[in-house]
Amino acid sequence: MKIASWNVNSIKVRLPHLLAWLKAAKPDVVCLQETKTVEDNFPFLEIEAAGYTAAVAGQKTYNGVAILSAHPMTVTEKRLPGNKADEQARYVEAEIEGVRVASVYLPNGNPVGTEKFDYKLGWMERLKRHAEGLLKTETPFVLAGDFNVIPSKADVHDPEGWEKDALYDPRTRAKFRALLYLGLTDAFRTLHPQTMAFTYWDYQGGAWQRDLGLRIDHLLLSPQATDRLTACEIDKAPRKLEKPSDHTPVWCELGPEPTGQMSA
DNA sequence: ATGGTAGCCTTGCTA
């Protein structure tokens with residue numbers, strides 16, 4: 001089961017790139033972020049024609065997440081639990097072939113020292129509490145998305161330059177580690193312990209051409225999902241196209257579900 | 001020192 005995450009920065013503008021990538025990469029599941037549209041304007045017809053159903057949490061202008069699945073899917077959440085007053089569309093979750101998959105768009109949090117940064121840390125605490133609940137079920141799950149977190153200095157071209165940024169703030173990184181301490185696995189870093197690789201390059205200043213990027217899009221796997229992890233890669237091809245998203249997809253492969261039968 | 005890019009249904013805000 002191939003599960004991907006991609007911040008498309010507008011589903012409307014990026015639809016041609018998305019459809020081409022579905023055809024080329026053939027993921028079973030894709031988690032999208034920054035779709036930037038309400039559910040009524042989501043391109044369900046084009047997505048269905050490509051062989052996928054969509055679970056959508058929409059919002060006008062900002063945020064917006066979705067899960068595209070080539071297999072039957074049951075939606076389990078359309079908002080991150082833990083604060084009913086929070087209407088930002090940053091979380092959608094579904095059950096697909098026995099795997100719980102969440103599309104996560106964690107708040108950016110800049111500038112540090114404002115209510116935006118407090119919102120980010122609070123959102124991460126809510127995500128942690130929700131993950132704790134999922135862990136108790138002992139079912140495989142994948143939190144896939146734009147976490148807006150640079151986990152370590154190996155995930156940024158210029159650590160000193162990002163010291164004051166909400167994506168690299170010590171409190172942000174500590175909250176991210178708290179997710180890992182629950183028993184979640186950063187799939188890319190686990191399979192590529194020494195590789196400096198990025199999933200995001202700013203539109204400005206020729207960041208892509210100069211490879212000045214960040215690794216902020218992550219696949220966090222539960223123990224039962226990690227048992228099945230066979231591959232995890234960043235696909236830089238979509239970032240090379242005309243009018244690209246500033247993010248590129250990251251994907252992982254989960255092997256077959258254990259049968260519980262003894263081997264001979 | 002400044003502005004540099006992209007998307008939204010706007011003329012500023014978010015990233």
# chains A, B, ... in the order shown; residues from 1 in each chain; ligands from 1
>>> closest_atom_pairs(of="chain A", to="chain B", cutoff="12 Å", atoms="only C-alpha atoms (C1' of nucleotides)", output="Markdown table")
| residue | atom | partner | partner_atom | distance |
| --- | --- | --- | --- | --- |
| A:Asn7 | CA | B:DA15 | C1' | 11.8 |
| A:Val8 | CA | B:DG7 | C1' | 11.2 |
| A:Asn9 | CA | B:DG7 | C1' | 7.6 |
| A:Ser10 | CA | B:DG7 | C1' | 7.1 |
| A:Ile11 | CA | B:DG7 | C1' | 10.7 |
| A:Lys12 | CA | B:DG7 | C1' | 10.2 |
| A:Val13 | CA | B:DG7 | C1' | 8.7 |
| A:Arg14 | CA | B:DG7 | C1' | 11.1 |
| A:Glu34 | CA | B:DA15 | C1' | 10.1 |
| A:Thr35 | CA | B:DG7 | C1' | 10.6 |
| A:Lys36 | CA | B:DC8 | C1' | 8.0 |
| A:Thr37 | CA | B:DC8 | C1' | 9.4 |
| A:Gln59 | CA | B:DC8 | C1' | 11.7 |
| A:Lys60 | CA | B:DC8 | C1' | 8.7 |
| A:Thr61 | CA | B:DC8 | C1' | 5.3 |
| A:Tyr62 | CA | B:DT14 | C1' | 7.7 |
| A:Asn63 | CA | B:DT14 | C1' | 9.5 |
| A:Pro107 | CA | B:DA15 | C1' | 10.2 |
| A:Asn108 | CA | B:DA15 | C1' | 7.7 |
| A:Gly109 | CA | B:DA15 | C1' | 10.2 |
| A:Asn110 | CA | B:DA15 | C1' | 9.3 |
| A:Pro111 | CA | B:DA15 | C1' | 11.4 |
| A:Lys116 | CA | B:DT14 | C1' | 11.5 |
| A:Asn148 | CA | B:DA15 | C1' | 10.5 |
| A:Leu167 | CA | B:DA15 | C1' | 11.9 |
| A:Tyr200 | CA | B:DA15 | C1' | 11.9 |
| A:Trp201 | CA | B:DT5 | C1' | 11.3 |
| A:Asp202 | CA | B:DT5 | C1' | 8.0 |
| A:Tyr203 | CA | B:DT5 | C1' | 4.9 |
| A:Gln204 | CA | B:DT5 | C1' | 4.9 |
| A:Gly205 | CA | B:DG4 | C1' | 6.3 |
| A:Gly206 | CA | B:DG4 | C1' | 9.6 |
| A:Ala207 | CA | B:DT5 | C1' | 10.6 |
| A:Trp208 | CA | B:DT5 | C1' | 12.0 |
| A:Lys243 | CA | B:DA6 | C1' | 9.2 |
| A:Pro244 | CA | B:DA6 | C1' | 9.8 |
| A:Ser245 | CA | B:DA6 | C1' | 8.8 |
| A:Asp246 | CA | B:DA6 | C1' | 8.8 |
| A:His247 | CA | B:DA15 | C1' | 11.7 |
>>> select_by_dssp(residues="range 42-180 of chain A", states="strand (DSSP E or B)", output="compact mmCIF listing (two decimals) with N, CA and C atoms, in the first residue's frame")
# COMPACT_ATOMS: atom_id res chain seq x y z
N THR A 53 -11.48 8.15 -4.98
CA THR A 53 -12.51 8.88 -4.25
C THR A 53 -11.81 9.87 -3.32
N ALA A 54 -12.54 10.89 -2.90
CA ALA A 54 -11.93 11.95 -2.09
C ALA A 54 -12.71 12.18 -0.82
N ALA A 55 -11.97 12.29 0.31
CA ALA A 55 -12.52 12.76 1.58
C ALA A 55 -11.97 14.16 1.80
N VAL A 56 -12.85 15.14 1.98
CA VAL A 56 -12.45 16.55 1.94
C VAL A 56 -12.85 17.28 3.21
N ALA A 57 -11.92 18.05 3.76
CA ALA A 57 -12.24 19.06 4.77
C ALA A 57 -11.85 20.39 4.15
N VAL A 65 -7.76 20.37 3.47
CA VAL A 65 -7.04 19.09 3.34
C VAL A 65 -7.96 18.06 2.70
N ALA A 66 -7.35 17.02 2.15
CA ALA A 66 -8.13 15.97 1.52
C ALA A 66 -7.34 14.67 1.54
N ILE A 67 -8.07 13.56 1.42
CA ILE A 67 -7.46 12.24 1.23
C ILE A 67 -8.06 11.66 -0.04
N LEU A 68 -7.19 11.27 -0.98
CA LEU A 68 -7.63 10.58 -2.18
C LEU A 68 -7.28 9.11 -2.03
N SER A 69 -8.24 8.22 -2.34
CA SER A 69 -8.00 6.79 -2.17
C SER A 69 -8.48 6.00 -3.38
N MET A 73 -13.10 3.77 1.25
CA MET A 73 -12.63 4.63 2.33
C MET A 73 -13.81 5.05 3.20
N THR A 74 -13.60 5.01 4.52
CA THR A 74 -14.62 5.49 5.46
C THR A 74 -14.03 6.66 6.24
N VAL A 75 -14.68 7.83 6.15
CA VAL A 75 -14.18 9.02 6.85
C VAL A 75 -14.42 8.86 8.35
N THR A 76 -13.37 9.15 9.16
CA THR A 76 -13.48 9.02 10.61
C THR A 76 -13.40 10.37 11.33
N GLU A 77 -12.75 11.39 10.74
CA GLU A 77 -12.71 12.74 11.31
C GLU A 77 -12.63 13.76 10.18
N TYR A 91 -7.30 19.00 9.17
CA TYR A 91 -7.20 17.58 9.51
C TYR A 91 -8.39 16.83 8.93
N VAL A 92 -8.09 15.76 8.23
CA VAL A 92 -9.14 14.83 7.80
C VAL A 92 -8.56 13.43 7.94
N GLU A 93 -9.37 12.48 8.36
CA GLU A 93 -8.89 11.14 8.70
C GLU A 93 -9.87 10.11 8.16
N ALA A 94 -9.33 8.99 7.67
CA ALA A 94 -10.19 7.94 7.11
C ALA A 94 -9.56 6.58 7.32
N GLU A 95 -10.41 5.56 7.25
CA GLU A 95 -9.97 4.16 7.35
C GLU A 95 -9.96 3.57 5.94
N ILE A 96 -8.80 3.02 5.54
CA ILE A 96 -8.65 2.47 4.20
C ILE A 96 -7.95 1.12 4.30
N VAL A 99 -6.15 0.42 7.45
CA VAL A 99 -5.14 1.40 7.87
C VAL A 99 -5.83 2.75 8.07
N ARG A 100 -5.60 3.37 9.23
CA ARG A 100 -6.13 4.70 9.49
C ARG A 100 -5.13 5.70 8.91
N VAL A 101 -5.61 6.60 8.06
CA VAL A 101 -4.75 7.58 7.40
C VAL A 101 -5.28 8.98 7.69
N ALA A 102 -4.39 9.89 8.09
CA ALA A 102 -4.78 11.27 8.35
C ALA A 102 -3.99 12.21 7.46
N SER A 103 -4.68 13.19 6.88
CA SER A 103 -4.02 14.29 6.17
C SER A 103 -3.92 15.47 7.12
N VAL A 104 -2.70 15.88 7.40
CA VAL A 104 -2.40 16.85 8.46
C VAL A 104 -1.82 18.13 7.86
N TYR A 105 -2.40 19.28 8.18
CA TYR A 105 -1.78 20.56 7.81
C TYR A 105 -1.58 21.38 9.07
N PHE A 141 -1.64 3.08 11.73
CA PHE A 141 -2.07 4.38 11.23
C PHE A 141 -0.88 5.21 10.76
N VAL A 142 -1.19 6.15 9.86
CA VAL A 142 -0.18 7.03 9.26
C VAL A 142 -0.68 8.46 9.36
N LEU A 143 0.10 9.32 10.03
CA LEU A 143 -0.17 10.77 10.03
C LEU A 143 0.70 11.36 8.93
N ALA A 144 0.05 11.82 7.85
CA ALA A 144 0.77 12.24 6.66
C ALA A 144 0.45 13.70 6.37
N GLY A 145 1.49 14.52 6.27
CA GLY A 145 1.15 15.90 5.96
C GLY A 145 2.29 16.88 6.02
N ASP A 146 1.87 18.16 5.88
CA ASP A 146 2.77 19.29 6.05
C ASP A 146 2.75 19.65 7.52
N VAL A 156 17.45 21.03 7.12
CA VAL A 156 17.38 22.43 6.68
C VAL A 156 18.74 22.82 6.10
>>> select_by_dssp(residues="range 78-170 of chain A", states="alpha helix (DSSP H)", output="count of residues only")
23
>>> residues_around(residues="Ser5 in chain A", least_positions_apart="2", cutoff="6 Å", atoms="only C-alpha atoms (C1' of nucleotides)", output="list of chain:residue names")
A:Val30, A:Cys31, A:Leu32, A:Ala144, A:Gly145, A:Pro249, A:Val250
>>> decode(residues="range 198-243 of chain A", atoms="N, CA and C atoms", output="mmCIF file, in the first residue's frame")
data_model
loop_
_atom_site.group_PDB
_atom_site.id
_atom_site.type_symbol
_atom_site.label_atom_id
_atom_site.label_comp_id
_atom_site.auth_asym_id
_atom_site.auth_seq_id
_atom_site.Cartn_x
_atom_site.Cartn_y
_atom_site.Cartn_z
ATOM 1 N N PHE A 198 15.042 17.372 1.068
ATOM 2 C CA PHE A 198 14.010 18.381 1.321
ATOM 3 C C PHE A 198 12.710 18.044 0.612
ATOM 4 N N THR A 199 11.604 18.594 1.170
ATOM 5 C CA THR A 199 10.283 18.441 0.542
ATOM 6 C C THR A 199 9.690 19.779 0.145
ATOM 7 N N TYR A 200 10.361 20.880 0.536
ATOM 8 C CA TYR A 200 9.836 22.237 0.296
ATOM 9 C C TYR A 200 10.979 23.172 -0.068
ATOM 10 N N TRP A 201 10.722 23.987 -1.086
ATOM 11 C CA TRP A 201 11.655 25.043 -1.480
ATOM 12 C C TRP A 201 10.845 26.301 -1.732
ATOM 13 N N ASP A 202 11.226 27.408 -1.099
ATOM 14 C CA ASP A 202 10.500 28.673 -1.252
ATOM 15 C C ASP A 202 10.461 29.102 -2.718
ATOM 16 N N TYR A 203 9.355 29.777 -3.075
ATOM 17 C CA TYR A 203 9.252 30.309 -4.438
ATOM 18 C C TYR A 203 10.281 31.424 -4.686
ATOM 19 N N GLN A 204 10.731 32.059 -3.617
ATOM 20 C CA GLN A 204 11.548 33.266 -3.757
ATOM 21 C C GLN A 204 13.037 32.940 -3.795
ATOM 22 N N GLY A 205 13.757 33.852 -4.453
ATOM 23 C CA GLY A 205 15.214 33.830 -4.390
ATOM 24 C C GLY A 205 15.868 32.642 -5.052
ATOM 25 N N GLY A 206 15.177 31.980 -5.960
ATOM 26 C CA GLY A 206 15.784 30.836 -6.642
ATOM 27 C C GLY A 206 16.107 29.689 -5.697
ATOM 28 N N ALA A 207 15.278 29.515 -4.670
ATOM 29 C CA ALA A 207 15.559 28.492 -3.656
ATOM 30 C C ALA A 207 15.627 27.087 -4.265
ATOM 31 N N TRP A 208 14.750 26.807 -5.215
ATOM 32 C CA TRP A 208 14.753 25.479 -5.853
ATOM 33 C C TRP A 208 16.052 25.256 -6.627
ATOM 34 N N GLN A 209 16.401 26.235 -7.465
ATOM 35 C CA GLN A 209 17.609 26.096 -8.299
ATOM 36 C C GLN A 209 18.870 25.963 -7.437
ATOM 37 N N ARG A 210 18.847 26.608 -6.252
ATOM 38 C CA ARG A 210 20.023 26.578 -5.369
ATOM 39 C C ARG A 210 19.911 25.470 -4.316
ATOM 40 N N ASP A 211 18.824 24.705 -4.389
ATOM 41 C CA ASP A 211 18.542 23.623 -3.427
ATOM 42 C C ASP A 211 18.566 24.104 -1.979
ATOM 43 N N LEU A 212 17.954 25.268 -1.746
ATOM 44 C CA LEU A 212 17.820 25.792 -0.395
ATOM 45 C C LEU A 212 16.436 25.396 0.119
ATOM 46 N N GLY A 213 16.360 24.195 0.687
ATOM 47 C CA GLY A 213 15.047 23.653 1.052
ATOM 48 C C GLY A 213 14.924 23.269 2.509
ATOM 49 N N LEU A 214 13.766 22.714 2.801
ATOM 50 C CA LEU A 214 13.437 22.222 4.143
ATOM 51 C C LEU A 214 12.773 20.859 4.021
ATOM 52 N N ARG A 215 12.960 20.006 5.019
ATOM 53 C CA ARG A 215 12.146 18.784 5.109
ATOM 54 C C ARG A 215 11.090 19.017 6.190
ATOM 55 N N ILE A 216 9.878 19.363 5.741
ATOM 56 C CA ILE A 216 8.792 19.682 6.676
ATOM 57 C C ILE A 216 7.544 18.838 6.431
ATOM 58 N N ASP A 217 7.548 18.047 5.349
ATOM 59 C CA ASP A 217 6.421 17.148 5.069
ATOM 60 C C ASP A 217 6.823 15.754 5.547
ATOM 61 N N HIS A 218 5.988 15.183 6.413
ATOM 62 C CA HIS A 218 6.389 13.958 7.109
ATOM 63 C C HIS A 218 5.302 12.885 7.077
ATOM 64 N N LEU A 219 5.771 11.639 7.200
ATOM 65 C CA LEU A 219 4.888 10.487 7.359
ATOM 66 C C LEU A 219 5.239 9.871 8.713
ATOM 67 N N LEU A 220 4.335 10.045 9.686
ATOM 68 C CA LEU A 220 4.549 9.474 11.021
ATOM 69 C C LEU A 220 3.716 8.210 11.142
ATOM 70 N N LEU A 221 4.418 7.089 11.401
ATOM 71 C CA LEU A 221 3.776 5.777 11.390
ATOM 72 C C LEU A 221 3.626 5.208 12.793
ATOM 73 N N SER A 222 2.488 4.612 13.053
ATOM 74 C CA SER A 222 2.273 3.896 14.315
ATOM 75 C C SER A 222 3.126 2.629 14.304
ATOM 76 N N PRO A 223 3.319 1.995 15.482
ATOM 77 C CA PRO A 223 4.141 0.774 15.519
ATOM 78 C C PRO A 223 3.670 -0.298 14.540
ATOM 79 N N GLN A 224 2.336 -0.500 14.461
ATOM 80 C CA GLN A 224 1.811 -1.553 13.586
ATOM 81 C C GLN A 224 1.969 -1.190 12.108
ATOM 82 N N ALA A 225 2.066 0.094 11.796
ATOM 83 C CA ALA A 225 2.367 0.514 10.421
ATOM 84 C C ALA A 225 3.859 0.401 10.156
ATOM 85 N N THR A 226 4.670 0.762 11.146
ATOM 86 C CA THR A 226 6.123 0.694 10.997
ATOM 87 C C THR A 226 6.585 -0.747 10.745
ATOM 88 N N ASP A 227 5.919 -1.709 11.377
ATOM 89 C CA ASP A 227 6.228 -3.122 11.136
ATOM 90 C C ASP A 227 6.194 -3.452 9.642
ATOM 91 N N ARG A 228 5.337 -2.748 8.919
ATOM 92 C CA ARG A 228 5.096 -3.063 7.501
ATOM 93 C C ARG A 228 5.842 -2.120 6.559
ATOM 94 N N LEU A 229 6.620 -1.162 7.099
ATOM 95 C CA LEU A 229 7.289 -0.147 6.268
ATOM 96 C C LEU A 229 8.416 -0.766 5.443
ATOM 97 N N THR A 230 8.328 -0.638 4.104
ATOM 98 C CA THR A 230 9.367 -1.201 3.234
ATOM 99 C C THR A 230 10.112 -0.137 2.439
ATOM 100 N N ALA A 231 9.535 1.064 2.279
ATOM 101 C CA ALA A 231 10.194 2.117 1.498
ATOM 102 C C ALA A 231 9.599 3.470 1.846
ATOM 103 N N CYS A 232 10.417 4.508 1.673
ATOM 104 C CA CYS A 232 9.944 5.884 1.833
ATOM 105 C C CYS A 232 10.844 6.779 1.003
ATOM 106 N N GLU A 233 10.253 7.573 0.104
ATOM 107 C CA GLU A 233 11.046 8.418 -0.784
ATOM 108 C C GLU A 233 10.375 9.774 -0.991
ATOM 109 N N ILE A 234 11.193 10.746 -1.350
ATOM 110 C CA ILE A 234 10.711 12.058 -1.778
ATOM 111 C C ILE A 234 10.788 12.086 -3.300
ATOM 112 N N ASP A 235 9.690 12.443 -3.956
ATOM 113 C CA ASP A 235 9.641 12.505 -5.421
ATOM 114 C C ASP A 235 9.756 13.960 -5.865
ATOM 115 N N LYS A 236 10.954 14.333 -6.338
ATOM 116 C CA LYS A 236 11.192 15.738 -6.671
ATOM 117 C C LYS A 236 10.659 16.134 -8.044
ATOM 118 N N ALA A 237 10.178 15.169 -8.813
ATOM 119 C CA ALA A 237 9.772 15.464 -10.201
ATOM 120 C C ALA A 237 8.713 16.576 -10.306
ATOM 121 N N PRO A 238 7.644 16.552 -9.483
ATOM 122 C CA PRO A 238 6.622 17.597 -9.646
ATOM 123 C C PRO A 238 7.121 19.014 -9.364
ATOM 124 N N ARG A 239 8.183 19.137 -8.560
ATOM 125 C CA ARG A 239 8.712 20.480 -8.226
ATOM 126 C C ARG A 239 9.449 21.092 -9.417
ATOM 127 N N LYS A 240 9.797 20.254 -10.405
ATOM 128 C CA LYS A 240 10.552 20.734 -11.573
ATOM 129 C C LYS A 240 9.655 21.297 -12.670
ATOM 130 N N LEU A 241 8.323 21.091 -12.547
ATOM 131 C CA LEU A 241 7.398 21.476 -13.614
ATOM 132 C C LEU A 241 7.151 22.987 -13.624
ATOM 133 N N GLU A 242 6.518 23.465 -14.698
ATOM 134 C CA GLU A 242 6.067 24.852 -14.766
ATOM 135 C C GLU A 242 4.954 25.070 -13.749
ATOM 136 N N LYS A 243 4.954 26.233 -13.092
ATOM 137 C CA LYS A 243 3.962 26.564 -12.066
ATOM 138 C C LYS A 243 3.789 25.430 -11.044
#
